[in-house]
file coords.pdb (PDB, C-alpha atoms)
ATOM      1  CA  ALA A   1      29.567   9.110  24.544
ATOM      2  CA  VAL A   2      29.263   8.440  20.814
ATOM      3  CA  LEU A   3      25.502   7.848  21.042
ATOM      4  CA  LYS A   4      25.013  11.032  23.088
ATOM      5  CA  ASP A   5      27.025  13.035  20.541
ATOM      6  CA  ARG A   6      25.024  11.508  17.691
ATOM      7  CA  GLN A   7      21.772  12.234  19.542
ATOM      8  CA  ALA A   8      22.751  15.885  19.951
ATOM      9  CA  LEU A   9      23.650  16.106  16.262
ATOM     10  CA  CYS A  10      20.334  14.556  15.183
ATOM     11  CA  GLU A  11      18.346  16.981  17.274
ATOM     12  CA  LYS A  12      20.182  19.983  15.801
ATOM     13  CA  ILE A  13      18.980  19.026  12.319
ATOM     14  CA  GLY A  14      15.552  20.546  11.732
ATOM     15  CA  ASP A  15      12.778  17.927  11.491
ATOM     16  CA  PHE A  16      15.336  15.122  11.602
ATOM     17  CA  TRP A  17      13.242  12.597  13.522
ATOM     18  CA  PRO A  18      10.005  13.318  11.626
ATOM     19  CA  SER A  19      11.820  12.730   8.338
ATOM     20  CA  ARG A  20      13.323   9.474   9.621
ATOM     21  CA  PHE A  21      10.019   8.121  10.947
ATOM     22  CA  ASN A  22       8.294   8.962   7.641
ATOM     23  CA  ASP A  23      11.119   7.773   5.366
ATOM     24  CA  PRO A  24       9.636   5.495   2.668
ATOM     25  CA  ASP A  25      12.774   3.317   2.908
ATOM     26  CA  GLY A  26      12.833   3.375   6.709
ATOM     27  CA  PRO A  27      11.582   0.742   9.130
ATOM     28  CA  MET A  28       8.662   2.656  10.665
ATOM     29  CA  LEU A  29       6.418   3.579   7.752
ATOM     30  CA  THR A  30       4.861   0.142   7.250
ATOM     31  CA  LEU A  31       3.829   0.029  10.925
ATOM     32  CA  MET A  32       1.922   3.318  10.834
ATOM     33  CA  ASN A  33      -1.744   3.781  10.096
ATOM     34  CA  GLY A  34      -1.937   5.815   6.935
ATOM     35  CA  THR A  35      -2.973   9.199   8.255
ATOM     36  CA  THR A  36      -2.816  10.065  11.923
ATOM     37  CA  ASP A  37       0.500   8.377  12.750
ATOM     38  CA  SER A  38       2.358  10.211   9.992
ATOM     39  CA  ARG A  39       0.907  13.512  11.217
ATOM     40  CA  ILE A  40       1.910  12.753  14.808
ATOM     41  CA  THR A  41       5.421  11.685  13.828
ATOM     42  CA  ARG A  42       5.907  15.057  12.124
ATOM     43  CA  SER A  43       5.884  16.584  15.607
ATOM     44  CA  ILE A  44       8.629  14.377  17.123
ATOM     45  CA  THR A  45      11.452  16.451  18.577
ATOM     46  CA  HIS A  46      13.346  13.700  20.408
ATOM     47  CA  PHE A  47      13.717   9.937  20.025
ATOM     48  CA  ASN A  48      15.882   7.767  22.222
ATOM     49  CA  ILE A  49      16.248   4.198  23.413
ATOM     50  CA  GLU A  50      17.832   3.700  26.794
ATOM     51  CA  THR A  51      19.244   0.259  27.532
ATOM     52  CA  GLU A  52      19.940  -1.047  31.002
ATOM     53  CA  VAL A  53      21.734  -4.330  31.630
ATOM     54  CA  SER A  54      21.293  -5.994  34.988
ATOM     55  CA  GLU A  55      21.303  -9.459  36.514
ATOM     56  CA  ALA A  56      17.644  -9.707  35.566
ATOM     57  CA  GLY A  57      18.500  -9.131  31.899
ATOM     58  CA  ILE A  58      18.228  -6.341  29.366
ATOM     59  CA  ILE A  59      15.644  -3.602  29.817
ATOM     60  CA  ARG A  60      14.904  -1.074  27.087
ATOM     61  CA  LYS A  61      13.023   2.184  27.283
ATOM     62  CA  VAL A  62      11.742   3.843  24.093
ATOM     63  CA  ILE A  63      11.282   7.594  24.595
ATOM     64  CA  LEU A  64       9.581  10.074  22.274
ATOM     65  CA  LYS A  65       9.053  13.793  22.832
ATOM     66  CA  PHE A  66       6.707  15.983  20.804
ATOM     67  CA  LYS A  67       5.886  19.555  19.993
ATOM     68  CA  PRO A  68       2.153  20.370  20.043
ATOM     69  CA  ASN A  69       0.259  18.366  17.410
ATOM     70  CA  ILE A  70      -3.226  17.492  16.194
ATOM     71  CA  ALA A  71      -3.712  14.213  18.046
ATOM     72  CA  LEU A  72      -1.707  14.044  21.270
ATOM     73  CA  ALA A  73      -2.060  16.104  24.400
ATOM     74  CA  SER A  74       0.965  14.196  25.755
ATOM     75  CA  THR A  75       4.342  15.795  25.056
ATOM     76  CA  GLU A  76       6.465  12.825  26.156
ATOM     77  CA  LEU A  77       5.832   9.117  25.784
ATOM     78  CA  PHE A  78       7.841   6.138  26.947
ATOM     79  CA  CYS A  79       7.516   2.394  27.097
ATOM     80  CA  GLN A  80       9.903   0.243  29.101
ATOM     81  CA  PHE A  81      10.121  -3.512  28.463
ATOM     82  CA  ASP A  82      12.394  -6.454  29.136
ATOM     83  CA  GLN A  83      14.158  -8.824  26.756
ATOM     84  CA  ASP A  84      11.080 -11.081  26.679
ATOM     85  CA  LEU A  85       8.987  -8.072  25.604
ATOM     86  CA  LYS A  86       7.162  -7.934  28.904
ATOM     87  CA  ILE A  87       6.083  -4.339  29.438
ATOM     88  CA  ILE A  88       7.421  -2.996  32.722
ATOM     89  CA  ALA A  89       6.159   0.601  32.575
ATOM     90  CA  THR A  90       4.595   3.071  30.172
ATOM     91  CA  SER A  91       3.930   6.775  30.327
ATOM     92  CA  GLY A  92       0.378   6.345  29.171
ATOM     93  CA  ILE A  93      -0.910   8.494  26.366
ATOM     94  CA  GLU A  94      -3.365  11.371  26.444
ATOM     95  CA  TRP A  95      -5.192  11.734  23.163
ATOM     96  CA  LYS A  96      -6.995  14.868  22.053
ATOM     97  CA  ALA A  97     -10.743  14.767  21.464
ATOM     98  CA  GLY A  98     -11.802  13.510  18.043
ATOM     99  CA  THR A  99      -8.995  10.968  17.655
ATOM    100  CA  GLU A 100     -10.899   7.931  18.943
ATOM    101  CA  LYS A 101     -11.012   6.157  15.562
ATOM    102  CA  SER A 102      -7.278   6.617  14.943
ATOM    103  CA  GLN A 103      -6.280   5.353  18.379
ATOM    104  CA  LYS A 104      -7.264   1.752  17.640
ATOM    105  CA  ASP A 105      -4.737   1.196  14.831
ATOM    106  CA  SER A 106      -2.102   3.757  15.769
ATOM    107  CA  PHE A 107       1.345   2.448  16.622
ATOM    108  CA  PHE A 108       1.311   5.013  19.434
ATOM    109  CA  ARG A 109      -1.101   2.713  21.312
ATOM    110  CA  PHE A 110       2.107   0.915  22.294
ATOM    111  CA  PHE A 111       2.575   3.727  24.860
ATOM    112  CA  SER A 112      -0.895   3.455  26.399
ATOM    113  CA  LYS A 113      -1.428   2.121  29.904
ATOM    114  CA  ASP A 114      -3.816  -0.562  28.630
ATOM    115  CA  PHE A 115      -1.586  -1.943  25.849
ATOM    116  CA  SER A 116      -0.603  -5.510  26.556
ATOM    117  CA  VAL A 117       1.355  -8.070  24.625
ATOM    118  CA  ASP A 118      -0.843 -11.063  23.931
ATOM    119  CA  GLU A 119      -1.262 -13.542  21.073
ATOM    120  CA  LYS A 120      -2.926 -10.916  18.851
ATOM    121  CA  THR A 121      -0.411  -8.121  19.473
ATOM    122  CA  ARG A 122       2.875 -10.015  19.989
ATOM    123  CA  THR A 123       4.027 -10.074  16.350
ATOM    124  CA  TYR A 124       3.134  -6.418  15.877
ATOM    125  CA  PHE A 125       4.934  -5.476  19.104
ATOM    126  CA  GLU A 126       8.014  -7.487  18.049
ATOM    127  CA  ASP A 127       8.014  -5.737  14.637
ATOM    128  CA  LEU A 128       7.620  -2.367  16.312
ATOM    129  CA  VAL A 129      10.505  -2.988  18.726
ATOM    130  CA  VAL A 130      12.740  -4.136  15.845
ATOM    131  CA  ALA A 131      11.793  -1.028  13.831
ATOM    132  CA  PHE A 132      12.505   1.298  16.775
ATOM    133  CA  GLU A 133      15.881  -0.418  17.310
ATOM    134  CA  GLU A 134      16.757  -0.242  13.618
ATOM    135  CA  LEU A 135      15.866   3.429  13.415
ATOM    136  CA  TYR A 136      17.779   4.230  16.589
ATOM    137  CA  GLN A 137      20.873   2.217  15.613
ATOM    138  CA  ASP A 138      20.998   3.668  12.090
ATOM    139  CA  PRO A 139      19.148   7.005  12.087
ATOM    140  CA  PHE A 140      20.902   8.178   8.933
ATOM    141  CA  ASN A 141      19.764   5.048   7.052
ATOM    142  CA  ASP A 142      23.299   4.339   5.865
ATOM    143  CA  GLU A 143      22.765   1.452   3.511
ATOM    144  CA  LEU A 144      26.185   1.860   1.999
ATOM    145  CA  ASP A 145      26.749  -1.877   1.710
ATOM    146  CA  GLY A 146      23.944  -2.194  -0.827
ATOM    147  CA  ASP A 147      25.307   0.641  -2.945
ATOM    148  CA  ASP A 148      28.854  -0.655  -2.731
ATOM    149  CA  GLU A 149      27.767  -4.125  -3.816
ATOM    150  CA  GLU A 150      26.096  -2.691  -6.890
ATOM    151  CA  ASP A 151      29.248  -0.738  -7.700
ATOM    152  CA  ASP A 152      31.393  -3.839  -7.106
ATOM    153  CA  ASP A 153      29.160  -5.876  -9.415
ATOM    154  CA  PHE A 154      29.428  -3.230 -12.098
ATOM    155  CA  ASP A 155      33.214  -3.006 -11.708
ATOM    156  CA  SER A 156      33.671  -6.785 -11.839
ATOM    157  CA  GLN A 157      31.507  -6.979 -14.959
ATOM    158  CA  SER A 158      33.573  -4.218 -16.530
ATOM    159  CA  ASP A 159      36.790  -6.047 -15.647
ATOM    160  CA  TYR A 160      35.398  -9.253 -17.089
ATOM    161  CA  SER A 161      34.318  -7.509 -20.302
ATOM    162  CA  SER A 162      37.726  -5.847 -20.606
ATOM    163  CA  GLU A 163      39.505  -9.180 -20.206
ATOM    164  CA  GLY A 164      37.358 -10.768 -22.894
ATOM    165  CA  ALA A 165      38.119  -7.909 -25.284
ATOM    166  CA  HIS A 166      41.892  -8.539 -25.222
TER     167      HIS A 166
END

call {"tool": "encode", "arguments": {"input": "coords.pdb", "output": "structure tokens"}}
result
Amino acid sequence: AVLKDRQALCEKIGDFWPSRFNDPDGPMLTLMNGTTDSRITRSITHFNIETEVSEAGIIRKVILKFKPNIALASTELFCQFDQDLKIIATSGIEWKAGTEKSQKDSFFRFFSKDFSVDEKTRTYFEDLVVAFEELYQDPFNDELDGDDEEDDDFDSQSDYSSEGAH
């Protein structure tokens, strides 16, 4: 229930998911090709990861929905994979004409019917799955621990300096 409430809240905030995918401090930016992916991510209206636990193991499904954009004819993409990163199903992706060059290095190729995890793509796929998970688990990028540690360090230095001054 908490995740559904959070999902509803995120989608009420204008351009929430595009800003999160393009956040310079977020997990996704380093996985994008420099131009087309950032333009496509600006059209994301919905992002979700569904998790199913069964006797066979954990199965995840990454889902993205889009408003019309410059590169994709598809309005919804998904990729479903197991805990060993074996792809079970994908939506496939329909690209618009003129995007052929961008398709080769786009992280959206992960949703294509012909994407497969092999020796060349495994590390990238693992990084992409981790980034999707990180973004989904912490969409507000709450790195409060880092800020608090800096404040704690400053406070402890101040306490130390005060003690030495007595």

call {"tool": "resolve_selection", "arguments": {"input": "coords.pdb", "expression": "the PyMOL selection byres ((chain A and resi 66-72) around 12)", "output": "NGL selection string"}}
result
:A and (15 or 17-18 or 35-47 or 63-65 or 73-78 or 92-103 or 106 or 108-109 or 111-112)

call {"tool": "write_last_selection", "arguments": {"input": "coords.pdb", "atoms": "C-alpha atoms", "output": "short mmCIF file (atom, residue, chain, number, x, y, z; two decimals), in the coordinates of the input"}}
result
data_model
loop_
_atom_site.label_atom_id
_atom_site.label_comp_id
_atom_site.auth_asym_id
_atom_site.auth_seq_id
_atom_site.Cartn_x
_atom_site.Cartn_y
_atom_site.Cartn_z
CA ASP A 15 12.78 17.93 11.49
CA TRP A 17 13.24 12.60 13.52
CA PRO A 18 10.01 13.32 11.63
CA THR A 35 -2.97 9.20 8.26
CA THR A 36 -2.82 10.06 11.92
CA ASP A 37 0.50 8.38 12.75
CA SER A 38 2.36 10.21 9.99
CA ARG A 39 0.91 13.51 11.22
CA ILE A 40 1.91 12.75 14.81
CA THR A 41 5.42 11.68 13.83
CA ARG A 42 5.91 15.06 12.12
CA SER A 43 5.88 16.58 15.61
CA ILE A 44 8.63 14.38 17.12
CA THR A 45 11.45 16.45 18.58
CA HIS A 46 13.35 13.70 20.41
CA PHE A 47 13.72 9.94 20.02
CA ILE A 63 11.28 7.59 24.60
CA LEU A 64 9.58 10.07 22.27
CA LYS A 65 9.05 13.79 22.83
CA ALA A 73 -2.06 16.10 24.40
CA SER A 74 0.96 14.20 25.76
CA THR A 75 4.34 15.80 25.06
CA GLU A 76 6.46 12.82 26.16
CA LEU A 77 5.83 9.12 25.78
CA PHE A 78 7.84 6.14 26.95
CA GLY A 92 0.38 6.34 29.17
CA ILE A 93 -0.91 8.49 26.37
CA GLU A 94 -3.36 11.37 26.44
CA TRP A 95 -5.19 11.73 23.16
CA LYS A 96 -7.00 14.87 22.05
CA ALA A 97 -10.74 14.77 21.46
CA GLY A 98 -11.80 13.51 18.04
CA THR A 99 -8.99 10.97 17.66
CA GLU A 100 -10.90 7.93 18.94
CA LYS A 101 -11.01 6.16 15.56
CA SER A 102 -7.28 6.62 14.94
CA GLN A 103 -6.28 5.35 18.38
CA SER A 106 -2.10 3.76 15.77
CA PHE A 108 1.31 5.01 19.43
CA ARG A 109 -1.10 2.71 21.31
CA PHE A 111 2.58 3.73 24.86
CA SER A 112 -0.90 3.46 26.40
#

call {"tool": "residues_around", "arguments": {"input": "coords.pdb", "residues": "Asp82 of chain A", "least_positions_apart": "6", "cutoff": "10 Å", "atoms": "all atoms listed in the file", "output": "list in words"}}
result
Thr51, Glu52, Val53, Ala56, Gly57, Ile58, Ile59, Arg60, Lys61 and Ile88 of chain A

call {"tool": "closest_residue", "arguments": {"input": "coords.pdb", "among": "A:Gly34, A:Glu119, A:Phe21, A:Val129", "to": "Cys79 of chain A", "atoms": "all atoms listed in the file"}}
result
A:Val129

call {"tool": "resolve_selection", "arguments": {"input": "coords.pdb", "expression": "the PyMOL selection byres ((chain A and resi 10) around 12)", "output": "list in words"}}
result
Leu3, Lys4, Asp5, Arg6, Gln7, Ala8, Leu9, Glu11, Lys12, Ile13, Gly14, Asp15, Phe16, Trp17, Pro18, Ser19, Arg20, Ile44, Thr45, His46, Phe47, Asn48, Tyr136, Asp138, Pro139 and Phe140 of chain A

call {"tool": "atom_distance", "arguments": {"input": "coords.pdb", "atom1": "atom CA of Pro27 of chain A", "atom2": "atom CA of Ser54 of chain A"}}
result
28.4 Å

call {"tool": "atom_distance", "arguments": {"input": "coords.pdb", "atom1": "atom CA of Ala131 of chain A", "atom2": "atom CA of Leu29 of chain A"}}
result
9.3 Å

call {"tool": "atom_distance", "arguments": {"input": "coords.pdb", "atom1": "atom CA of Phe125 of chain A", "atom2": "atom CA of Thr30 of chain A"}}
result
13.1 Å
